[in-house]
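Here is the file entry-v1.pdb (PDB, C-alpha atoms and all ligand atoms).
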ATOM      1  CA  MET A   1      95.881 119.108 133.215
ATOM      2  CA  ALA A   2      99.294 118.221 131.957
ATOM      3  CA  PHE A   3      99.728 114.748 130.478
ATOM      4  CA  SER A   4     100.501 111.937 132.896
ATOM      5  CA  LEU A   5     101.737 108.388 132.479
ATOM      6  CA  PRO A   6      98.752 106.014 132.404
ATOM      7  CA  ASP A   7      98.922 102.859 134.498
ATOM      8  CA  LEU A   8      99.266  99.650 132.527
ATOM      9  CA  PRO A   9      96.080  97.576 132.554
ATOM     10  CA  TYR A  10      98.229  94.511 133.546
ATOM     11  CA  SER A  11     101.512  93.794 135.294
ATOM     12  CA  TYR A  12     104.913  94.130 133.634
ATOM     13  CA  ASP A  13     105.268  90.341 133.349
ATOM     14  CA  ALA A  14     101.709  89.736 132.083
ATOM     15  CA  LEU A  15     102.683  89.622 128.421
ATOM     16  CA  GLU A  16     105.488  87.097 128.796
ATOM     17  CA  PRO A  17     106.875  85.237 126.992
ATOM     18  CA  ALA A  18     105.960  87.303 123.926
ATOM     19  CA  ILE A  19     107.161  90.521 125.592
ATOM     20  CA  ASP A  20     109.431  90.158 128.618
ATOM     21  CA  ALA A  21     108.871  92.016 131.894
ATOM     22  CA  ARG A  22     112.122  93.993 131.730
ATOM     23  CA  THR A  23     111.273  95.354 128.290
ATOM     24  CA  MET A  24     107.788  96.306 129.458
ATOM     25  CA  GLU A  25     109.103  98.030 132.579
ATOM     26  CA  ILE A  26     111.696 100.113 130.715
ATOM     27  CA  HIS A  27     109.295 100.820 127.864
ATOM     28  CA  HIS A  28     106.518 102.055 130.141
ATOM     29  CA  SER A  29     108.344 103.649 133.083
ATOM     30  CA  LYS A  30     111.265 105.172 131.151
ATOM     31  CA  HIS A  31     110.382 105.622 127.475
ATOM     32  CA  HIS A  32     106.704 106.497 127.803
ATOM     33  CA  GLN A  33     107.416 108.654 130.872
ATOM     34  CA  ALA A  34     110.005 110.583 128.866
ATOM     35  CA  TYR A  35     107.470 111.295 126.094
ATOM     36  CA  VAL A  36     105.016 112.555 128.721
ATOM     37  CA  ASP A  37     107.602 114.790 130.401
ATOM     38  CA  LYS A  38     108.981 116.220 127.162
ATOM     39  CA  ALA A  39     105.504 116.825 125.723
ATOM     40  CA  ASN A  40     104.511 118.695 128.873
ATOM     41  CA  ALA A  41     107.689 120.770 128.772
ATOM     42  CA  ALA A  42     107.171 121.649 125.094
ATOM     43  CA  LEU A  43     103.525 122.638 125.569
ATOM     44  CA  GLU A  44     104.030 124.615 128.757
ATOM     45  CA  GLY A  45     102.981 128.219 128.280
ATOM     46  CA  THR A  46     101.309 127.590 124.908
ATOM     47  CA  ALA A  47      97.580 127.760 124.183
ATOM     48  CA  PHE A  48      97.635 123.962 123.838
ATOM     49  CA  ALA A  49      98.720 123.178 127.408
ATOM     50  CA  GLY A  50      96.023 121.186 129.173
ATOM     51  CA  GLU A  51      94.263 120.015 126.009
ATOM     52  CA  PRO A  52      93.665 116.301 125.417
ATOM     53  CA  VAL A  53      96.497 114.779 123.408
ATOM     54  CA  GLU A  54      94.160 113.889 120.528
ATOM     55  CA  ASN A  55      93.278 117.588 120.127
ATOM     56  CA  VAL A  56      96.909 118.657 120.260
ATOM     57  CA  LEU A  57      97.824 116.160 117.532
ATOM     58  CA  ALA A  58      94.860 117.119 115.365
ATOM     59  CA  LYS A  59      95.995 120.750 115.533
ATOM     60  CA  LEU A  60      99.724 120.063 115.269
ATOM     61  CA  ALA A  61     100.107 122.307 112.216
ATOM     62  CA  THR A  62      99.096 125.302 114.341
ATOM     63  CA  VAL A  63     101.403 124.546 117.281
ATOM     64  CA  PRO A  64     104.100 127.265 117.483
ATOM     65  CA  ASP A  65     107.080 126.596 115.184
ATOM     66  CA  ASN A  66     109.657 126.581 117.941
ATOM     67  CA  VAL A  67     108.040 123.625 119.747
ATOM     68  CA  ARG A  68     106.209 121.850 116.922
ATOM     69  CA  GLY A  69     108.941 119.266 116.393
ATOM     70  CA  ALA A  70     109.114 118.416 120.088
ATOM     71  CA  VAL A  71     105.335 118.197 120.303
ATOM     72  CA  ARG A  72     105.188 116.007 117.208
ATOM     73  CA  ASN A  73     107.678 113.530 118.662
ATOM     74  CA  ASN A  74     106.589 113.547 122.270
ATOM     75  CA  ALA A  75     102.826 114.153 122.246
ATOM     76  CA  GLY A  76     102.830 111.651 119.383
ATOM     77  CA  GLY A  77     104.799 109.237 121.543
ATOM     78  CA  HIS A  78     102.423 109.732 124.445
ATOM     79  CA  ALA A  79      99.327 109.060 122.307
ATOM     80  CA  ASN A  80     100.865 106.090 120.511
ATOM     81  CA  HIS A  81     102.017 104.339 123.672
ATOM     82  CA  SER A  82      98.756 105.040 125.512
ATOM     83  CA  LEU A  83      96.947 103.192 122.723
ATOM     84  CA  PHE A  84      99.568 100.435 122.486
ATOM     85  CA  TRP A  85      99.157  99.360 126.137
ATOM     86  CA  GLN A  86      95.381  99.251 125.735
ATOM     87  CA  VAL A  87      95.315  97.093 122.629
ATOM     88  CA  MET A  88      97.359  94.321 124.217
ATOM     89  CA  ALA A  89      96.251  91.738 126.777
ATOM     90  CA  PRO A  90      97.799  88.627 128.277
ATOM     91  CA  SER A  91      97.731  85.720 125.852
ATOM     92  CA  GLY A  92      94.282  84.134 125.696
ATOM     93  CA  GLN A  93      92.541  87.075 127.381
ATOM     94  CA  GLY A  94      92.023  89.424 124.432
ATOM     95  CA  GLY A  95      88.851  87.830 123.068
ATOM     96  CA  SER A  96      88.074  87.975 119.376
ATOM     97  CA  PRO A  97      86.845  90.674 117.009
ATOM     98  CA  SER A  98      83.212  91.717 117.402
ATOM     99  CA  GLN A  99      80.793  90.764 114.667
ATOM    100  CA  SER A 100      80.985  94.262 113.155
ATOM    101  CA  LEU A 101      84.779  94.400 113.180
ATOM    102  CA  GLY A 102      85.111  90.783 112.054
ATOM    103  CA  SER A 103      82.894  91.320 109.035
ATOM    104  CA  ALA A 104      84.701  94.568 108.162
ATOM    105  CA  ILE A 105      88.036  92.704 108.320
ATOM    106  CA  ASN A 106      86.703  89.938 106.073
ATOM    107  CA  SER A 107      85.176  92.295 103.534
ATOM    108  CA  THR A 108      88.238  94.599 103.446
ATOM    109  CA  PHE A 109      91.119  92.144 103.619
ATOM    110  CA  GLY A 110      89.536  88.761 102.848
ATOM    111  CA  SER A 111      90.350  87.095 106.171
ATOM    112  CA  MET A 112      92.059  87.559 109.538
ATOM    113  CA  ASP A 113      95.114  85.807 108.119
ATOM    114  CA  GLU A 114      95.295  88.381 105.348
ATOM    115  CA  LEU A 115      95.003  91.208 107.867
ATOM    116  CA  LYS A 116      97.787  89.656 109.929
ATOM    117  CA  ALA A 117      99.991  89.375 106.848
ATOM    118  CA  LYS A 118      99.332  93.007 105.916
ATOM    119  CA  ILE A 119     100.119  94.353 109.385
ATOM    120  CA  ALA A 120     103.194  92.145 109.672
ATOM    121  CA  ASP A 121     104.419  93.408 106.304
ATOM    122  CA  ALA A 122     103.779  97.065 107.229
ATOM    123  CA  ALA A 123     105.615  96.545 110.537
ATOM    124  CA  ALA A 124     108.536  94.623 109.085
ATOM    125  CA  THR A 125     109.118  97.025 106.201
ATOM    126  CA  ARG A 126     108.926 100.269 108.226
ATOM    127  CA  PHE A 127     112.559 101.355 107.867
ATOM    128  CA  GLY A 128     114.110 102.449 111.149
ATOM    129  CA  SER A 129     111.772 103.394 113.986
ATOM    130  CA  GLY A 130     108.017 103.729 113.749
ATOM    131  CA  TRP A 131     104.658 102.058 114.041
ATOM    132  CA  ALA A 132     102.336  99.866 111.985
ATOM    133  CA  TRP A 133      98.613 100.526 112.257
ATOM    134  CA  LEU A 134      95.103  99.400 111.581
ATOM    135  CA  ILE A 135      93.098 102.578 111.171
ATOM    136  CA  VAL A 136      89.616 103.713 110.235
ATOM    137  CA  ARG A 137      89.351 106.428 107.583
ATOM    138  CA  ASP A 138      85.995 107.522 106.152
ATOM    139  CA  GLY A 139      84.326 104.435 107.561
ATOM    140  CA  LYS A 140      86.865 102.021 106.054
ATOM    141  CA  LEU A 141      89.683  99.927 107.521
ATOM    142  CA  MET A 142      93.222 100.537 106.276
ATOM    143  CA  VAL A 143      96.681  99.188 107.179
ATOM    144  CA  GLY A 144      99.897 101.179 106.981
ATOM    145  CA  SER A 145     102.807 102.531 108.968
ATOM    146  CA  THR A 146     104.221 105.813 110.227
ATOM    147  CA  PRO A 147     107.804 106.918 110.928
ATOM    148  CA  ASN A 148     109.143 107.901 114.358
ATOM    149  CA  GLN A 149     106.242 108.827 116.667
ATOM    150  CA  ASP A 150     103.943 110.154 113.975
ATOM    151  CA  SER A 151     100.308 109.337 114.691
ATOM    152  CA  PRO A 152      97.412 108.907 112.257
ATOM    153  CA  LEU A 153      95.655 111.411 114.549
ATOM    154  CA  MET A 154      97.970 114.136 113.200
ATOM    155  CA  GLY A 155      95.698 114.431 110.192
ATOM    156  CA  GLN A 156      96.126 114.670 106.458
ATOM    157  CA  ASP A 157      98.504 117.637 106.431
ATOM    158  CA  MET A 158     100.990 116.033 108.800
ATOM    159  CA  CYS A 159     100.609 112.275 108.291
ATOM    160  CA  GLU A 160     100.179 110.284 105.105
ATOM    161  CA  LEU A 161      98.367 107.532 107.021
ATOM    162  CA  TYR A 162      95.765 109.829 108.583
ATOM    163  CA  GLY A 163      92.685 108.462 110.317
ATOM    164  CA  THR A 164      91.649 106.960 113.632
ATOM    165  CA  PRO A 165      94.056 104.280 114.878
ATOM    166  CA  ILE A 166      92.356 101.237 116.436
ATOM    167  CA  LEU A 167      95.394  98.906 116.628
ATOM    168  CA  GLY A 168      99.099  99.674 116.551
ATOM    169  CA  ILE A 169     102.419  97.924 117.009
ATOM    170  CA  ASP A 170     105.528  99.731 118.141
ATOM    171  CA  VAL A 171     108.489  98.660 116.020
ATOM    172  CA  TRP A 172     111.116 100.860 117.664
ATOM    173  CA  GLU A 173     114.006  98.655 118.789
ATOM    174  CA  HIS A 174     113.290  99.641 122.411
ATOM    175  CA  ALA A 175     110.051  97.639 122.096
ATOM    176  CA  TYR A 176     111.736  94.312 121.402
ATOM    177  CA  TYR A 177     115.539  94.430 121.353
ATOM    178  CA  LEU A 178     116.287  92.800 124.733
ATOM    179  CA  ASN A 179     114.449  89.663 123.741
ATOM    180  CA  TYR A 180     114.548  89.617 119.967
ATOM    181  CA  GLN A 181     117.632  91.682 119.000
ATOM    182  CA  ASN A 182     117.409  92.099 115.222
ATOM    183  CA  ARG A 183     114.556  89.603 114.777
ATOM    184  CA  ARG A 184     111.738  92.122 114.338
ATOM    185  CA  PRO A 185     109.531  89.632 112.417
ATOM    186  CA  ASP A 186     109.625  87.209 115.380
ATOM    187  CA  TYR A 187     108.471  89.978 117.728
ATOM    188  CA  ILE A 188     105.673  90.947 115.330
ATOM    189  CA  ASN A 189     104.518  87.351 115.099
ATOM    190  CA  ALA A 190     104.551  86.875 118.894
ATOM    191  CA  TRP A 191     102.739  90.193 119.415
ATOM    192  CA  TRP A 192      99.810  89.035 117.289
ATOM    193  CA  ASP A 193      98.851  86.624 120.085
ATOM    194  CA  LEU A 194      98.599  89.551 122.542
ATOM    195  CA  ILE A 195      96.033  91.622 120.672
ATOM    196  CA  ASN A 196      93.142  92.738 122.846
ATOM    197  CA  TRP A 197      90.389  92.288 120.270
ATOM    198  CA  ASN A 198      87.752  93.323 122.793
ATOM    199  CA  LYS A 199      89.398  96.741 123.046
ATOM    200  CA  VAL A 200      90.095  96.995 119.299
ATOM    201  CA  SER A 201      86.420  96.217 118.615
ATOM    202  CA  GLU A 202      85.372  98.952 121.049
ATOM    203  CA  LEU A 203      87.684 101.425 119.304
ATOM    204  CA  TYR A 204      86.330 100.327 115.920
ATOM    205  CA  ASP A 205      82.745 100.993 116.983
ATOM    206  CA  ALA A 206      83.732 104.386 118.398
ATOM    207  CA  ALA A 207      85.574 105.321 115.197
ATOM    208  CA  MET A 208      82.584 104.282 113.090
ATOM    209  CA  GLY A 209      80.304 106.493 115.211
TER
HETATM  210 MN    MN A 301     107.940 102.640 122.278
END
Turn this file's structure into C-alpha cells for me.
Ligand code: MN
Amino acid sequence: MAFSLPDLPYSYDALEPAIDARTMEIHHSKHHQAYVDKANAALEGTAFAGEPVENVLAKLATVPDNVRGAVRNNAGGHANHSLFWQVMAPSGQGGSPSQSLGSAINSTFGSMDELKAKIADAAATRFGSGWAWLIVRDGKLMVGSTPNQDSPLMGQDMCELYGTPILGIDVWEHAYYLNYQNRRPDYINAWWDLINWNKVSELYDAAMG
C-alpha cells in the first residue's frame, strides 16, 4: 500500500485559538498531502514501495541514491506530520502524563516546567525549518531538534537525534506564520496547551517496550 493522508483526529478548528483553522487546513490538506504524494512518487518501483514509513526511514541509508533525498524529505515529512496530529488535542482534552511518563520526566528533567523550557528552547533555536522532539533512546528521555523533515526514526547514521519520537513540534513557518508571523516563541508557548499527554504516554510505554 502506498502512503495515504491520515484523517485528523479532530476538526480543523478544534485547536483554535492556539492554531487557527486555516493554518490547520492548509497544513494538513496541502503540505502533508504533498509529502505523501512525493514520497509515493519517489518510492514507486523501488523495493521499499509499500513498506510502512517507519521501516523506510530506518533503512534510509539503503534507499537508492537517486531517490534518497526525496525520500528523506517526503517520507520524513509524512512520518513527522502523522505523529504531530496525534500528539495534539483540543485544549483541556489531552489529559496529563501517565505515572510512568510523569516520573520519567521528573527524574530526567526535574519537572514538567523544565521539560517545557527544554523543548521550547530546542524549538526556538532550531535555525530555519525543522522540528523539536521528545524522544526515547535506550530507555531514556531526551530533548533535541532536527533540520528540515529529518526524523529521529532515520537512525544513528542519518540523524544526530536518533531514537523513538513520542512528542514533536513542527517549527516550519507553514505551521504558524498566518497567525504568529515571526513570533515562533508565542506559537511554541500556545502549542504546549494542546499536547495530548494521553497519546504521548501511550507512545512512551510502547517505546519502552
Ligand atoms: Mn509542517
Q: Kindly provide, as a PyMOL selection string, the polymer residues lying within 12 Å of (99.9, 97.3, 123.4), counting all atoms listed in the file and using the coordinates exactly as they appear in the file.
A: chain A and resi 8-10+12+14-15+18-19+24+27-28+79-90+94+131-133+166-171+175+188+191-197+199-200
Q: Would you mind telling me which residue in A:Asn198, A:Asn66, A:Gln149, A:Asn55 lies nearest to ligand MN 301 (chain A) when using only C-alpha atoms and all ligand atoms?
A: A:Gln149
Q. By how many Å are atom CA of A:Gly128 and atom CA of A:Ala42 apart?
A.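 That distance, rounded to one decimal, is 24.7 Å.
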Q.
Given the PyMOL selection byres (((chain A and resi 39) around 12) and not hetatm) and the file above, list the residues it selects as a VMD selection string.
A. chain A and resid 2 to 5 32 to 38 40 to 46 48 to 53 56 to 57 67 to 79
For the selection you just gave me, I'd like the residues written to a file as a compact mmCIF listing (two decimals), in the coordinates of the input, keeping C-alpha atoms.
# COMPACT_ATOMS: atom_id res chain seq x y z
CA ALA A 2 99.29 118.22 131.96
CA PHE A 3 99.73 114.75 130.48
CA SER A 4 100.50 111.94 132.90
CA LEU A 5 101.74 108.39 132.48
CA HIS A 32 106.70 106.50 127.80
CA GLN A 33 107.42 108.65 130.87
CA ALA A 34 110.00 110.58 128.87
CA TYR A 35 107.47 111.30 126.09
CA VAL A 36 105.02 112.56 128.72
CA ASP A 37 107.60 114.79 130.40
CA LYS A 38 108.98 116.22 127.16
CA ASN A 40 104.51 118.70 128.87
CA ALA A 41 107.69 120.77 128.77
CA ALA A 42 107.17 121.65 125.09
CA LEU A 43 103.52 122.64 125.57
CA GLU A 44 104.03 124.62 128.76
CA GLY A 45 102.98 128.22 128.28
CA THR A 46 101.31 127.59 124.91
CA PHE A 48 97.64 123.96 123.84
CA ALA A 49 98.72 123.18 127.41
CA GLY A 50 96.02 121.19 129.17
CA GLU A 51 94.26 120.02 126.01
CA PRO A 52 93.66 116.30 125.42
CA VAL A 53 96.50 114.78 123.41
CA VAL A 56 96.91 118.66 120.26
CA LEU A 57 97.82 116.16 117.53
CA VAL A 67 108.04 123.62 119.75
CA ARG A 68 106.21 121.85 116.92
CA GLY A 69 108.94 119.27 116.39
CA ALA A 70 109.11 118.42 120.09
CA VAL A 71 105.34 118.20 120.30
CA ARG A 72 105.19 116.01 117.21
CA ASN A 73 107.68 113.53 118.66
CA ASN A 74 106.59 113.55 122.27
CA ALA A 75 102.83 114.15 122.25
CA GLY A 76 102.83 111.65 119.38
CA GLY A 77 104.80 109.24 121.54
CA HIS A 78 102.42 109.73 124.44
CA ALA A 79 99.33 109.06 122.31
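Atom to atom, atom CA of A:Asp150 and atom CA of A:Tyr187 stand 21.0 Å apart.
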Q | the PyMOL selection byres (((chain A and resi 209) around 12) and not hetatm) applied to the shown file, residues as number ranges by chain | A | A: 136-139, 164, 202-208
Please write the residues from the selection above to a file, keeping C-alpha atoms, as a compact mmCIF listing (two decimals), in the frame of the given file.
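Output file selection19.txt is given in full below:
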# COMPACT_ATOMS: atom_id res chain seq x y z
CA VAL A 136 89.62 103.71 110.24
CA ARG A 137 89.35 106.43 107.58
CA ASP A 138 86.00 107.52 106.15
CA GLY A 139 84.33 104.44 107.56
CA THR A 164 91.65 106.96 113.63
CA GLU A 202 85.37 98.95 121.05
CA LEU A 203 87.68 101.42 119.30
CA TYR A 204 86.33 100.33 115.92
CA ASP A 205 82.74 100.99 116.98
CA ALA A 206 83.73 104.39 118.40
CA ALA A 207 85.57 105.32 115.20
CA MET A 208 82.58 104.28 113.09
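In this comparison, which uses only C-alpha atoms and all ligand atoms, the residue of A:Leu101, A:Ala21, A:Ile26, A:Val143 approaching ligand MN 301 (chain A) most closely is A:Ile26.
When all atoms listed in the file are used to compute distances to ligand MN 301 (chain A), the closest of the residues A:Glu25, A:Asp121, A:Asp186, A:Asp7 turns out to be A:Glu25.
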Extending 4 Å beyond the listed atoms of stretch 142-151 of chain A on each side, what axis-aligned box results? I want centre and edge lengths in Å to one decimal, as JSON.
{"center_x": 101.2, "center_y": 104.7, "center_z": 111.5, "size_x": 23.9, "size_y": 19.0, "size_z": 18.4}
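Going from atom CA of A:Ser129 over to atom CA of A:Asn148, you cover 5.2 Å.
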**Q.** Closest of A:Met1, A:Gly92, A:Ser11, A:Lys30 to ligand MN 301 (chain A) - atom-to-atom distances counting all atoms listed in the file
**A.**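 Of A:Met1, A:Gly92, A:Ser11, A:Lys30, the one nearest ligand MN 301 (chain A), counting all atoms listed in the file, is A:Lys30.
Distance check against A:Gly102 using all atoms listed in the file: of A:Pro185, A:Leu141, A:Ala47, A:Pro17, the minimum falls on A:Leu141.
Across A:Glu54, A:Tyr180, A:Asp113, A:Gln93, the tightest approach to A:Gly163 is made by A:Glu54 when counting all atoms listed in the file.
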